[in-house]
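Coordinates as given in query-v9.txt (compact mmCIF, C-alpha atoms):
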# COMPACT_ATOMS: atom_id res chain seq x y z
CA MET A 1 -51.54 48.13 -88.10
CA ASP A 2 -50.62 45.87 -85.19
CA THR A 3 -53.22 43.11 -84.81
CA SER A 4 -51.28 40.89 -82.43
CA SER A 5 -52.70 40.26 -79.00
CA PRO A 6 -51.86 37.88 -76.18
CA CYS A 7 -55.59 37.63 -75.36
CA THR A 8 -56.93 34.22 -76.36
CA CYS A 9 -60.54 35.41 -76.27
CA PHE A 10 -59.77 38.36 -78.57
CA GLN A 11 -58.01 36.07 -81.06
CA LEU A 12 -60.88 33.54 -80.98
CA ARG A 13 -63.55 36.21 -81.44
CA ARG A 14 -61.73 37.99 -84.25
CA ALA A 15 -61.17 34.72 -86.14
CA SER A 16 -64.77 33.70 -85.41
CA ARG A 17 -66.18 36.96 -86.79
CA ARG A 18 -64.14 36.61 -89.97
CA ALA A 19 -65.06 32.95 -90.45
CA SER A 20 -68.73 33.71 -89.72
CA GLN A 21 -68.70 36.29 -92.51
CA VAL A 22 -67.64 33.58 -94.98
CA TYR A 23 -70.41 31.22 -93.84
CA ASP A 24 -73.03 33.98 -93.68
CA HIS A 25 -72.13 35.08 -97.21
CA HIS A 26 -72.75 31.58 -98.60
CA LEU A 27 -75.82 30.82 -96.45
CA ALA A 28 -77.49 34.09 -97.48
CA ALA A 29 -78.64 32.30 -100.65
CA ALA A 30 -80.84 30.14 -98.37
CA ASP A 31 -81.90 33.18 -96.34
CA LEU A 32 -80.11 31.85 -93.26
CA SER A 33 -77.30 33.03 -91.04
CA LEU A 34 -74.70 30.61 -89.70
CA ASN A 35 -76.36 30.91 -86.31
CA ALA A 36 -79.79 29.97 -87.70
CA TYR A 37 -78.27 27.12 -89.71
CA SER A 38 -76.55 25.74 -86.60
CA ILE A 39 -79.81 25.86 -84.63
CA LEU A 40 -81.79 24.12 -87.38
CA ARG A 41 -79.17 21.37 -87.69
CA ARG A 42 -79.37 20.60 -83.99
CA ALA A 43 -83.17 20.71 -83.79
CA ARG A 44 -83.90 17.80 -86.14
CA GLU A 45 -85.34 15.85 -83.22
CA PRO A 46 -87.46 17.41 -80.46
CA ARG A 47 -85.06 18.85 -77.90
CA PRO A 48 -85.62 20.64 -74.63
CA LEU A 49 -84.50 24.25 -74.75
CA GLY A 50 -81.76 23.67 -72.17
CA THR A 51 -80.35 20.67 -74.05
CA LEU A 52 -80.31 22.62 -77.30
CA ALA A 53 -78.62 25.58 -75.60
CA ASP A 54 -75.92 23.27 -74.20
CA ALA A 55 -75.34 21.67 -77.62
CA LEU A 56 -74.89 25.12 -79.16
CA GLY A 57 -72.78 26.53 -76.33
CA MET A 58 -75.34 29.29 -75.71
CA ASP A 59 -77.17 30.39 -72.63
CA ARG A 60 -80.93 29.87 -72.66
CA THR A 61 -81.74 33.57 -72.91
CA THR A 62 -79.58 34.02 -76.03
CA LEU A 63 -81.04 30.86 -77.55
CA SER A 64 -84.61 32.01 -76.84
CA ARG A 65 -83.88 35.33 -78.57
CA ASN A 66 -82.43 33.46 -81.57
CA LEU A 67 -85.37 31.04 -81.76
CA LYS A 68 -88.07 33.71 -82.05
CA PRO A 69 -87.46 34.63 -85.70
CA LEU A 70 -87.03 30.97 -86.67
CA ILE A 71 -90.35 30.07 -85.04
CA ALA A 72 -92.03 33.15 -86.58
CA ALA A 73 -90.73 32.09 -90.03
CA GLY A 74 -92.18 28.60 -89.51
CA LEU A 75 -88.76 26.92 -89.56
CA LEU A 76 -89.03 25.65 -85.98
CA SER A 77 -91.90 24.74 -83.71
CA SER A 78 -92.04 24.99 -79.95
CA ARG A 79 -94.32 23.00 -77.69
CA PRO A 80 -94.47 21.94 -74.04
CA GLY A 81 -92.31 18.98 -73.09
CA GLU A 82 -93.19 16.10 -70.78
CA ASP A 83 -92.85 18.61 -67.97
CA PRO A 84 -95.22 21.45 -68.99
CA ARG A 85 -92.69 24.00 -67.68
CA GLN A 86 -90.16 22.73 -70.21
CA ARG A 87 -90.27 23.77 -73.89
CA GLN A 88 -89.36 21.38 -76.72
CA VAL A 89 -88.03 22.77 -79.99
CA GLN A 90 -88.11 20.90 -83.29
CA ILE A 91 -87.52 21.69 -86.94
CA THR A 92 -90.64 21.88 -89.13
CA ALA A 93 -91.11 20.55 -92.68
CA THR A 94 -90.42 24.09 -93.95
CA GLY A 95 -87.30 24.21 -91.82
CA LYS A 96 -86.15 20.85 -93.18
CA ARG A 97 -86.51 22.12 -96.75
CA ARG A 98 -84.57 25.28 -95.90
CA LEU A 99 -81.88 23.25 -94.18
CA GLN A 100 -81.63 20.94 -97.20
CA LYS A 101 -81.17 23.99 -99.45
CA ALA A 102 -78.54 25.40 -97.07
CA GLN A 103 -76.40 22.29 -96.61
CA PRO A 104 -74.51 22.57 -99.94
CA LEU A 105 -74.06 26.31 -99.29
CA TRP A 106 -72.57 25.50 -95.89
CA GLN A 107 -70.27 23.00 -97.61
CA GLN A 108 -69.12 25.71 -100.03
CA ALA A 109 -68.23 27.91 -97.06
CA GLN A 110 -66.44 25.03 -95.34
CA ASP A 111 -64.51 24.32 -98.54
CA GLU A 112 -63.55 28.01 -98.83
CA ILE A 113 -62.23 28.10 -95.26
CA GLU A 114 -60.24 24.91 -95.91
CA ALA A 115 -58.86 26.34 -99.18
CA ILE A 116 -57.75 29.50 -97.39
CA PHE A 117 -56.32 27.90 -94.24
CA GLY A 118 -55.61 24.31 -95.35
CA SER A 119 -57.54 21.15 -94.54
CA SER A 120 -54.99 19.86 -92.05
CA HIS A 121 -54.90 23.22 -90.23
CA VAL A 122 -58.71 23.29 -90.06
CA ALA A 123 -58.82 19.73 -88.69
CA ALA A 124 -56.15 20.53 -86.08
CA LEU A 125 -57.88 23.77 -85.12
CA ASN A 126 -61.22 21.99 -84.71
CA GLN A 127 -59.59 19.37 -82.47
CA GLN A 128 -57.94 22.05 -80.34
CA LEU A 129 -61.13 24.09 -80.03
CA GLU A 130 -63.09 20.98 -79.03
CA ALA A 131 -60.45 20.17 -76.41
CA LEU A 132 -60.64 23.74 -75.09
CA SER A 133 -64.44 23.52 -74.86
CA VAL A 134 -64.25 20.21 -73.00
CA ALA A 135 -61.60 21.54 -70.61
CA LEU A 136 -63.57 24.72 -69.86
CA GLU A 137 -66.78 22.73 -69.35
CA ALA A 138 -64.98 20.33 -66.98
CA GLU A 139 -63.89 23.34 -64.93
CA GLY A 140 -67.48 24.59 -64.82
CA ARG A 141 -66.53 27.56 -66.98
CA ALA A 142 -68.84 26.85 -69.90
Encoding of this model in C-alpha cells:
Amino acid sequence: MDTSSPCTCFQLRRASRRASQVYDHHLAAADLSLNAYSILRRAREPRPLGTLADALGMDRTTLSRNLKPLIAAGLLSSRPGEDPRQRQVQITATGKRRLQKAQPLWQQAQDEIEAIFGSSHVAALNQQLEALSVALEAEGRA
C-alpha cells in the first residue's frame, strides 16, 4: 500500500491521528482524551474563551463544543468575565484532581512516542511544528 503523499496537511493529520491514539490509550485510565487533557492543562487560571481557543489552536466554536462535556462533568467552570459578554473558563478542584491523575499517564504516552521515534527526533519535530505554527500565524493563516 502506497502511503506517500506530497500533501503536508495529509502527512500532519495522519501522524497526528496515530500519535493521538497513543495518548488517548494512556489517558483513558484517567477517563480523559488528549483533547480534554490539553484543555484542562491550559485552564488552570481563569481564561477568556478566545484566549484559551488561541492557546489551543482551535476556533471558538470547536472549543465551546469541547468544553460542554468538561463543564457537565464538573472538571471546568464557566462564568462571565469582566465584560459580561465574555466567558471565563477555569479548572475546578475536581478537574485539578483528574489532571493530577492524568499527568503521569500523559508522561507514559510521551515516553512511548519518544521510544518509538527517538527523543532527538521528537525534539526536532516539536521545534519545526512550533516554527510552522508561528509562520502561519504571522501570515494570518492560523
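Once Thr51 (chain A) and its same-chain neighbours fewer than 3 positions away are set aside, Ile39, Arg42, Ala43, Glu45, Pro46, Arg47, Pro48, Asp54, Ala55, Leu56, Gly57, Met58, Asp59, Arg60, Leu63, Gln86, Arg87, Gln88 and Val89 of chain A remain within 12 Å of it when counting only C-alpha atoms.
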Dump of C-alpha atoms for the selected residues, as a JSON list (two decimals), in the coordinates of the input:
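Okay, this is what ended up in result12.json:
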[["chain", "number", "residue", "atom", "x", "y", "z"],
["A", 39, "ILE", "CA", -79.81, 25.86, -84.63],
["A", 42, "ARG", "CA", -79.37, 20.60, -83.99],
["A", 43, "ALA", "CA", -83.17, 20.71, -83.79],
["A", 45, "GLU", "CA", -85.34, 15.85, -83.22],
["A", 46, "PRO", "CA", -87.46, 17.41, -80.46],
["A", 47, "ARG", "CA", -85.06, 18.85, -77.90],
["A", 48, "PRO", "CA", -85.62, 20.64, -74.63],
["A", 54, "ASP", "CA", -75.92, 23.27, -74.20],
["A", 55, "ALA", "CA", -75.34, 21.67, -77.62],
["A", 56, "LEU", "CA", -74.89, 25.12, -79.16],
["A", 57, "GLY", "CA", -72.78, 26.53, -76.33],
["A", 58, "MET", "CA", -75.34, 29.29, -75.71],
["A", 59, "ASP", "CA", -77.17, 30.39, -72.63],
["A", 60, "ARG", "CA", -80.93, 29.87, -72.66],
["A", 63, "LEU", "CA", -81.04, 30.86, -77.55],
["A", 86, "GLN", "CA", -90.16, 22.73, -70.21],
["A", 87, "ARG", "CA", -90.27, 23.77, -73.89],
["A", 88, "GLN", "CA", -89.36, 21.38, -76.72],
["A", 89, "VAL", "CA", -88.03, 22.77, -79.99]]
Mind checking which residues fall within 12 Å of Leu125 (chain A), counting all atoms listed in the file, ignoring those fewer than 5 positions away in the same chain, and posting them as a list of chain:residue names?
A:Leu12, A:Ala15, A:Ile113, A:Glu114, A:Phe117, A:Gly118, A:Ser119, A:Ser120, A:Glu130, A:Ala131, A:Leu132
Take the residues just selected and output them with C-alpha atoms as a PDB file, keeping the file's coordinate frame.
ATOM      1  CA  LEU A  12     -60.880  33.540 -80.980  1.00  0.00           C
ATOM      2  CA  ALA A  15     -61.170  34.720 -86.140  1.00  0.00           C
ATOM      3  CA  ILE A 113     -62.230  28.100 -95.260  1.00  0.00           C
ATOM      4  CA  GLU A 114     -60.240  24.910 -95.910  1.00  0.00           C
ATOM      5  CA  PHE A 117     -56.320  27.900 -94.240  1.00  0.00           C
ATOM      6  CA  GLY A 118     -55.610  24.310 -95.350  1.00  0.00           C
ATOM      7  CA  SER A 119     -57.540  21.150 -94.540  1.00  0.00           C
ATOM      8  CA  SER A 120     -54.990  19.860 -92.050  1.00  0.00           C
ATOM      9  CA  GLU A 130     -63.090  20.980 -79.030  1.00  0.00           C
ATOM     10  CA  ALA A 131     -60.450  20.170 -76.410  1.00  0.00           C
ATOM     11  CA  LEU A 132     -60.640  23.740 -75.090  1.00  0.00           C
TER      12      LEU A 132
END
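When only C-alpha atoms are used to compute distances to Arg44 (chain A), the closest of the residues A:Leu129, A:Ile91, A:Asp24, A:Gln108 turns out to be A:Ile91.
The interatomic distance for the pair CA of Gln11 (chain A) and CA of Leu105 (chain A) works out to 26.2 Å.
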Which of these, A:Leu40, A:Val122, A:Ala109, A:Ala29, has the shortest distance to Leu76 (chain A) once you count only C-alpha atoms?
A:Leu40
Radius query 12 Å about (-80.4, 31.3, -96.4), atoms used: all atoms listed in the file, as a PyMOL selection string
chain A and resi 23-38+40+70+75+95+97-106
What is the CA of Gln107 (chain A) to CA of Thr61 (chain A) distance in Å?
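Answer for the CA of Gln107 (chain A) to CA of Thr61 (chain A) separation: 29.2 Å.
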Can you measure CA of Arg17 (chain A) to CA of Ser4 (chain A) for me? One decimal in Å is fine.
16.0 Å
Can you report as lines of an AutoDock Vina configuration file the centre and edge lengths in Å, to one decimal, of an axis-aligned box around the listed atoms of region 33-52 of chain A padded with 3 Å on each side?
center_x = -81.1
center_y = 24.4
center_z = -81.6
size_x = 18.8
size_y = 23.2
size_z = 24.9
